[in-house]
Amino acid sequence: MRTNYSSKNIVLAVAGDVSARKLQKLVLSYCRKLNKGKCNEFLTYVNKQKRPFIKLKNKKIEQTHMAIGFKACSRLDPEKYKARLLSIIVGGNMSSRLFQKIREKYGLAYAVNAHLNQYIDTGSFEIQTGIKNKNVCKAVQLIMKELKKIKQYGITAEELKMAKEYIIGQTVLSMENTKSSMIKIGENMITLNRVVSLDETLDQIKKVKIEDIQEIACRFFSPHNISLAMIGDCPDKKFILETIECLQ
């Protein structure tokens with residue numbers, strides 16, 4: 001408590017109908033009792049991965065669950081807006097490539113999604129799905145094939161337009177929620193030491209071009225950058241490694 005809960009380690013974020021002056025006075029009355037301390041340091045992430053990381057666990061369950069991860073950009077990386085759009089196009093909503101291919105066209109899984117996690121010094125691009133046991137091999141092949149397509153051929157203007165509209169709509173709507181506004185302020189101050197305005201965020205999203213998405217896909221989707229975990233009716237590890245090689 002004495003080490004971590006110090007005045008230099010605390011960010012207080014507030015959103016709502018409050019008086020900044022009254023709030024500051026109230027907070028200071030409590031913070032004076034806190035140890036000033038120092039800002040916490042953390043171990044800087046160092047990427048040492050040079051080959052695919054595969055973890056398989058066979059288990060008798062109704063469907064096989066799979067998570068695929070790629071090292072991605074940090075919260076401080078200006079490429080983060082491109083990465084976020086890529087995650088939407090790959091598997092961020094019902095219009096995404098993986099949802100349309102894995103669920104709608106082939107019916108291999110009930111749900112498949114992609115999302116981006118971002119921290120101060122690193123990030124992860126993740127794809128998750130639960131697959132019918134008999135369709136595991138086909139699903140792995142199709143996922144890798146779609147990622148390869150984006151690397152090779154890029155995306156369409158319509159895909160980028162829809163992804164931008166989706167993110168802009170979600171971002172604007174979230175700002176109408178008091179809790180979401182408060183969390184955004186707090187996260188920005190902790191990680192960036194400033195609050196990124198809504199206008200700045202939307203402007204950066206609008207600037208992303210078609211070729212930017214292909215460029216970031218080539219940066220993320222490679223065999224030496226992939227980690228795959230699976231539990232259920234797992235295929236042979238050799239098959240997975242051979243399938244992943246298509247991302248070269």
# chains A, B, ... in the order shown; residues from 1 in each chain; ligands from 1
>>> residues_around(residues="Asn177 of chain A", least_positions_apart="5", cutoff="10 Å", atoms="only C-alpha atoms", output="PDB file with N, CA and C atoms, in the first residue's frame")
ATOM      1  N   ALA A  15     -15.928  12.350 -14.716  1.00  0.00           N
ATOM      2  CA  ALA A  15     -16.756  12.845 -15.812  1.00  0.00           C
ATOM      3  C   ALA A  15     -18.168  13.037 -15.286  1.00  0.00           C
ATOM      4  N   GLY A  16     -18.758  14.163 -15.584  1.00  0.00           N
ATOM      5  CA  GLY A  16     -20.117  14.421 -15.123  1.00  0.00           C
ATOM      6  C   GLY A  16     -20.318  15.866 -14.724  1.00  0.00           C
ATOM      7  N   VAL A 172     -17.957   7.873 -31.064  1.00  0.00           N
ATOM      8  CA  VAL A 172     -18.847   9.004 -30.739  1.00  0.00           C
ATOM      9  C   VAL A 172     -19.911   8.574 -29.735  1.00  0.00           C
ATOM     10  N   MET A 182     -15.052   8.832 -18.538  1.00  0.00           N
ATOM     11  CA  MET A 182     -14.167   8.821 -17.372  1.00  0.00           C
ATOM     12  C   MET A 182     -12.998   7.861 -17.581  1.00  0.00           C
TER      13      MET A 182
END
>>> select_by_dssp(residues="segment 6-233 of chain A", states="strand (DSSP E)", output="PyMOL selection string")
chain A and resi 53-58+63-72+109-118+123-132+226-232
>>> write_last_selection(atoms="N, CA and C atoms", output="short mmCIF file (atom, residue, chain, number, x, y, z; two decimals), in the first residue's frame")
data_model
loop_
_atom_site.label_atom_id
_atom_site.label_comp_id
_atom_site.auth_asym_id
_atom_site.auth_seq_id
_atom_site.Cartn_x
_atom_site.Cartn_y
_atom_site.Cartn_z
N PHE A 53 4.93 -19.70 -31.81
CA PHE A 53 4.69 -20.32 -30.51
C PHE A 53 3.36 -21.06 -30.60
N ILE A 54 3.38 -22.37 -30.40
CA ILE A 54 2.17 -23.18 -30.51
C ILE A 54 1.94 -23.95 -29.20
N LYS A 55 0.71 -23.89 -28.68
CA LYS A 55 0.36 -24.64 -27.47
C LYS A 55 -0.97 -25.34 -27.72
N LEU A 56 -0.96 -26.68 -27.72
CA LEU A 56 -2.15 -27.47 -27.98
C LEU A 56 -2.49 -28.34 -26.78
N LYS A 57 -3.78 -28.41 -26.45
CA LYS A 57 -4.22 -29.27 -25.35
C LYS A 57 -5.46 -30.03 -25.78
N ASN A 58 -5.31 -31.34 -25.96
CA ASN A 58 -6.45 -32.17 -26.34
C ASN A 58 -7.36 -32.42 -25.14
N GLN A 63 -16.72 -28.36 -28.46
CA GLN A 63 -16.10 -27.64 -29.57
C GLN A 63 -14.68 -27.24 -29.19
N THR A 64 -13.88 -26.98 -30.20
CA THR A 64 -12.49 -26.63 -29.97
C THR A 64 -12.35 -25.11 -29.95
N HIS A 65 -11.63 -24.62 -28.95
CA HIS A 65 -11.43 -23.18 -28.80
C HIS A 65 -10.01 -22.81 -29.22
N MET A 66 -9.91 -21.74 -29.97
CA MET A 66 -8.60 -21.34 -30.50
C MET A 66 -8.39 -19.84 -30.34
N ALA A 67 -7.18 -19.47 -29.98
CA ALA A 67 -6.77 -18.06 -29.92
C ALA A 67 -5.48 -17.91 -30.72
N ILE A 68 -5.46 -16.94 -31.61
CA ILE A 68 -4.28 -16.64 -32.41
C ILE A 68 -3.85 -15.23 -32.08
N GLY A 69 -2.59 -15.06 -31.73
CA GLY A 69 -2.10 -13.73 -31.37
C GLY A 69 -0.88 -13.32 -32.18
N PHE A 70 -0.80 -12.04 -32.49
CA PHE A 70 0.36 -11.47 -33.16
C PHE A 70 0.85 -10.29 -32.34
N LYS A 71 2.17 -10.13 -32.19
CA LYS A 71 2.70 -8.94 -31.55
C LYS A 71 2.26 -7.74 -32.38
N ALA A 72 1.82 -6.69 -31.71
CA ALA A 72 1.28 -5.52 -32.43
C ALA A 72 1.86 -4.23 -31.85
N ALA A 109 -18.16 -22.01 -37.26
CA ALA A 109 -18.15 -21.53 -35.88
C ALA A 109 -19.33 -20.60 -35.67
N TYR A 110 -19.79 -20.53 -34.43
CA TYR A 110 -20.88 -19.60 -34.11
C TYR A 110 -20.35 -18.17 -34.01
N ALA A 111 -19.15 -18.03 -33.46
CA ALA A 111 -18.57 -16.70 -33.28
C ALA A 111 -17.09 -16.71 -33.60
N VAL A 112 -16.63 -15.65 -34.22
CA VAL A 112 -15.21 -15.44 -34.48
C VAL A 112 -14.96 -13.95 -34.42
N ASN A 113 -13.93 -13.53 -33.74
CA ASN A 113 -13.69 -12.10 -33.63
C ASN A 113 -12.20 -11.78 -33.57
N ALA A 114 -11.89 -10.55 -33.88
CA ALA A 114 -10.52 -10.04 -33.79
C ALA A 114 -10.55 -8.74 -33.00
N HIS A 115 -9.53 -8.53 -32.18
CA HIS A 115 -9.46 -7.28 -31.44
C HIS A 115 -8.01 -6.92 -31.16
N LEU A 116 -7.83 -5.66 -30.80
CA LEU A 116 -6.49 -5.13 -30.56
C LEU A 116 -6.34 -4.76 -29.09
N ASN A 117 -5.27 -5.23 -28.46
CA ASN A 117 -4.92 -4.82 -27.09
C ASN A 117 -3.67 -3.95 -27.16
N GLN A 118 -3.68 -2.81 -26.48
CA GLN A 118 -2.54 -1.89 -26.55
C GLN A 118 -2.10 -1.45 -25.16
N GLY A 123 1.79 -4.36 -27.81
CA GLY A 123 0.38 -4.60 -28.04
C GLY A 123 0.19 -5.98 -28.63
N SER A 124 -1.07 -6.42 -28.75
CA SER A 124 -1.35 -7.72 -29.35
C SER A 124 -2.58 -7.63 -30.23
N PHE A 125 -2.50 -8.30 -31.37
CA PHE A 125 -3.63 -8.43 -32.29
C PHE A 125 -4.13 -9.85 -32.14
N GLU A 126 -5.37 -10.03 -31.69
CA GLU A 126 -5.86 -11.36 -31.33
C GLU A 126 -7.09 -11.76 -32.14
N ILE A 127 -7.12 -13.03 -32.50
CA ILE A 127 -8.26 -13.64 -33.17
C ILE A 127 -8.71 -14.80 -32.30
N GLN A 128 -10.01 -14.86 -32.01
CA GLN A 128 -10.53 -15.92 -31.15
C GLN A 128 -11.77 -16.54 -31.78
N THR A 129 -11.91 -17.84 -31.61
CA THR A 129 -13.09 -18.53 -32.14
C THR A 129 -13.29 -19.86 -31.45
N GLY A 130 -14.52 -20.34 -31.47
CA GLY A 130 -14.86 -21.69 -31.02
C GLY A 130 -15.36 -22.44 -32.24
N ILE A 131 -14.75 -23.59 -32.55
CA ILE A 131 -15.00 -24.28 -33.82
C ILE A 131 -15.60 -25.66 -33.58
N LYS A 132 -16.49 -26.07 -34.46
CA LYS A 132 -16.98 -27.44 -34.41
C LYS A 132 -15.78 -28.37 -34.59
N ILE A 226 3.69 -15.10 -34.71
CA ILE A 226 2.40 -15.68 -34.32
C ILE A 226 2.52 -16.56 -33.09
N SER A 227 1.48 -16.50 -32.25
CA SER A 227 1.33 -17.42 -31.12
C SER A 227 -0.07 -18.01 -31.23
N LEU A 228 -0.17 -19.32 -31.14
CA LEU A 228 -1.47 -19.98 -31.31
C LEU A 228 -1.70 -20.95 -30.16
N ALA A 229 -2.86 -20.84 -29.54
CA ALA A 229 -3.24 -21.75 -28.46
C ALA A 229 -4.57 -22.40 -28.81
N MET A 230 -4.68 -23.69 -28.52
CA MET A 230 -5.90 -24.41 -28.87
C MET A 230 -6.20 -25.46 -27.81
N ILE A 231 -7.48 -25.61 -27.48
CA ILE A 231 -7.91 -26.64 -26.54
C ILE A 231 -9.14 -27.33 -27.11
N GLY A 232 -9.13 -28.66 -27.10
CA GLY A 232 -10.23 -29.42 -27.66
C GLY A 232 -9.71 -30.55 -28.52
#
>>> residues_around(residues="Leu108 of chain A", least_positions_apart="6", cutoff="9 Å", atoms="only C-alpha atoms", output="ChimeraX atom specification")
/A:101-102,130-132,134-136,138-139
>>> closest_atom_pairs(of="segment 45-104 of chain A", to="segment 161-164 of chain A", cutoff="7 Å", atoms="only C-alpha atoms", output="Markdown table")
| residue | atom | partner | partner_atom | distance |
| --- | --- | --- | --- | --- |
| A:Leu85 | CA | A:Ala163 | CA | 6.1 |
| A:Ile88 | CA | A:Ala163 | CA | 6.0 |
| A:Ile89 | CA | A:Ala163 | CA | 6.2 |
>>> residues_around(residues="segment 183-191 of chain A", least_positions_apart="3", cutoff="7 Å", atoms="only C-alpha atoms", output="ChimeraX atom specification")
/A:11-13,120,179-180,194-196
>>> closest_atom_pairs(of="segment 78-172 of chain A", to="segment 211-221 of chain A", cutoff="7 Å", atoms="only C-alpha atoms", output="JSON lines")
{"residue": "A:Lys82", "atom": "CA", "partner": "A:Ile213", "partner_atom": "CA", "distance": 6.0}
{"residue": "A:Ala83", "atom": "CA", "partner": "A:Ile216", "partner_atom": "CA", "distance": 6.6}
{"residue": "A:Leu86", "atom": "CA", "partner": "A:Ile213", "partner_atom": "CA", "distance": 6.1}
{"residue": "A:Leu147", "atom": "CA", "partner": "A:Phe221", "partner_atom": "CA", "distance": 6.9}
{"residue": "A:Ile150", "atom": "CA", "partner": "A:Gln214", "partner_atom": "CA", "distance": 6.1}
{"residue": "A:Lys151", "atom": "CA", "partner": "A:Cys218", "partner_atom": "CA", "distance": 5.3}
{"residue": "A:Gly154", "atom": "CA", "partner": "A:Gln214", "partner_atom": "CA", "distance": 4.8}
>>> residues_around(residues="Val140 of chain A", least_positions_apart="6", cutoff="9 Å", atoms="only C-alpha atoms", output="list of chain:residue names")
A:Ile240, A:Thr243, A:Ile244
>>> write_last_selection(atoms="C-alpha atoms", output="short mmCIF file (atom, residue, chain, number, x, y, z; two decimals), in the first residue's frame")
data_model
loop_
_atom_site.label_atom_id
_atom_site.label_comp_id
_atom_site.auth_asym_id
_atom_site.auth_seq_id
_atom_site.Cartn_x
_atom_site.Cartn_y
_atom_site.Cartn_z
CA ILE A 240 -0.57 -26.12 -37.90
CA THR A 243 -0.50 -23.97 -42.45
CA ILE A 244 1.06 -20.97 -40.73
#
>>> atom_distance(atom1="atom CA of Ala157 of chain A", atom2="atom CA of Ile210 of chain A")
6.7 Å
>>> closest_residue(among="A:Ile168, A:Gly37, A:Ser29, A:Asn93", to="Glu200 of chain A", atoms="only C-alpha atoms")
A:Ile168
>>> residues_around(residues="Glu245 of chain A", least_positions_apart="2", cutoff="12 Å", atoms="only C-alpha atoms", output="ChimeraX atom specification")
/A:51-52,140-141,144-145,147-148,221-226,238-243,247-248
>>> write_last_selection(atoms="N, CA and C atoms", output="PDB file, in the first residue's frame")
ATOM      1  N   ARG A  51      10.156 -17.418 -33.828  1.00  0.00           N
ATOM      2  CA  ARG A  51       9.482 -18.546 -34.465  1.00  0.00           C
ATOM      3  C   ARG A  51       8.058 -18.627 -33.918  1.00  0.00           C
ATOM      4  N   PRO A  52       7.194 -19.404 -34.563  1.00  0.00           N
ATOM      5  CA  PRO A  52       5.816 -19.533 -34.057  1.00  0.00           C
ATOM      6  C   PRO A  52       5.794 -20.188 -32.672  1.00  0.00           C
ATOM      7  N   VAL A 140      -8.644 -23.339 -39.459  1.00  0.00           N
ATOM      8  CA  VAL A 140      -7.276 -22.811 -39.376  1.00  0.00           C
ATOM      9  C   VAL A 140      -6.785 -22.400 -40.763  1.00  0.00           C
ATOM     10  N   GLN A 141      -7.034 -23.227 -41.748  1.00  0.00           N
ATOM     11  CA  GLN A 141      -6.599 -22.930 -43.114  1.00  0.00           C
ATOM     12  C   GLN A 141      -7.273 -21.672 -43.658  1.00  0.00           C
ATOM     13  N   MET A 144      -5.879 -18.397 -41.918  1.00  0.00           N
ATOM     14  CA  MET A 144      -4.560 -18.039 -42.458  1.00  0.00           C
ATOM     15  C   MET A 144      -4.663 -17.529 -43.891  1.00  0.00           C
ATOM     16  N   LYS A 145      -5.566 -18.138 -44.656  1.00  0.00           N
ATOM     17  CA  LYS A 145      -5.750 -17.723 -46.045  1.00  0.00           C
ATOM     18  C   LYS A 145      -6.252 -16.284 -46.133  1.00  0.00           C
ATOM     19  N   LEU A 147      -5.843 -13.883 -43.872  1.00  0.00           N
ATOM     20  CA  LEU A 147      -4.769 -12.976 -43.449  1.00  0.00           C
ATOM     21  C   LEU A 147      -3.748 -12.805 -44.575  1.00  0.00           C
ATOM     22  N   LYS A 148      -3.458 -13.909 -45.264  1.00  0.00           N
ATOM     23  CA  LYS A 148      -2.525 -13.869 -46.397  1.00  0.00           C
ATOM     24  C   LYS A 148      -3.074 -12.982 -47.513  1.00  0.00           C
ATOM     25  N   PHE A 221       1.315  -9.897 -39.617  1.00  0.00           N
ATOM     26  CA  PHE A 221       0.983 -11.276 -39.957  1.00  0.00           C
ATOM     27  C   PHE A 221       2.157 -12.018 -40.601  1.00  0.00           C
ATOM     28  N   SER A 222       2.998 -12.586 -39.781  1.00  0.00           N
ATOM     29  CA  SER A 222       4.113 -13.388 -40.276  1.00  0.00           C
ATOM     30  C   SER A 222       4.307 -14.575 -39.334  1.00  0.00           C
ATOM     31  N   PRO A 223       4.851 -15.682 -39.834  1.00  0.00           N
ATOM     32  CA  PRO A 223       5.013 -16.888 -38.997  1.00  0.00           C
ATOM     33  C   PRO A 223       5.835 -16.662 -37.730  1.00  0.00           C
ATOM     34  N   HIS A 224       6.887 -15.855 -37.817  1.00  0.00           N
ATOM     35  CA  HIS A 224       7.739 -15.662 -36.639  1.00  0.00           C
ATOM     36  C   HIS A 224       7.082 -14.766 -35.585  1.00  0.00           C
ATOM     37  N   ASN A 225       5.914 -14.190 -35.937  1.00  0.00           N
ATOM     38  CA  ASN A 225       5.245 -13.260 -35.028  1.00  0.00           C
ATOM     39  C   ASN A 225       3.944 -13.829 -34.473  1.00  0.00           C
ATOM     40  N   ILE A 226       3.694 -15.104 -34.707  1.00  0.00           N
ATOM     41  CA  ILE A 226       2.404 -15.678 -34.322  1.00  0.00           C
ATOM     42  C   ILE A 226       2.519 -16.564 -33.090  1.00  0.00           C
ATOM     43  N   LYS A 238       2.338 -30.396 -36.503  1.00  0.00           N
ATOM     44  CA  LYS A 238       3.006 -30.258 -37.795  1.00  0.00           C
ATOM     45  C   LYS A 238       2.072 -29.621 -38.821  1.00  0.00           C
ATOM     46  N   PHE A 239       0.791 -30.019 -38.801  1.00  0.00           N
ATOM     47  CA  PHE A 239      -0.197 -29.451 -39.721  1.00  0.00           C
ATOM     48  C   PHE A 239      -0.344 -27.942 -39.489  1.00  0.00           C
ATOM     49  N   ILE A 240      -0.419 -27.544 -38.219  1.00  0.00           N
ATOM     50  CA  ILE A 240      -0.572 -26.121 -37.902  1.00  0.00           C
ATOM     51  C   ILE A 240       0.638 -25.324 -38.369  1.00  0.00           C
ATOM     52  N   LEU A 241       1.837 -25.838 -38.104  1.00  0.00           N
ATOM     53  CA  LEU A 241       3.058 -25.143 -38.514  1.00  0.00           C
ATOM     54  C   LEU A 241       3.130 -25.003 -40.031  1.00  0.00           C
ATOM     55  N   GLU A 242       2.730 -26.043 -40.744  1.00  0.00           N
ATOM     56  CA  GLU A 242       2.728 -25.983 -42.206  1.00  0.00           C
ATOM     57  C   GLU A 242       1.701 -24.987 -42.718  1.00  0.00           C
ATOM     58  N   THR A 243       0.557 -24.909 -42.053  1.00  0.00           N
ATOM     59  CA  THR A 243      -0.496 -23.967 -42.454  1.00  0.00           C
ATOM     60  C   THR A 243      -0.072 -22.526 -42.199  1.00  0.00           C
ATOM     61  N   LEU A 247       1.812 -17.644 -44.431  1.00  0.00           N
ATOM     62  CA  LEU A 247       1.901 -16.214 -44.144  1.00  0.00           C
ATOM     63  C   LEU A 247       3.255 -15.608 -44.549  1.00  0.00           C
ATOM     64  N   GLN A 248       4.164 -16.449 -45.010  1.00  0.00           N
ATOM     65  CA  GLN A 248       5.479 -15.937 -45.465  1.00  0.00           C
ATOM     66  C   GLN A 248       5.299 -14.965 -46.634  1.00  0.00           C
TER      67      GLN A 248
END
>>> atom_distance(atom1="atom CA of Ser87 of chain A", atom2="atom CA of Asp203 of chain A")
18.5 Å
>>> atom_distance(atom1="atom CA of Lys207 of chain A", atom2="atom CA of Tyr81 of chain A")
9.2 Å
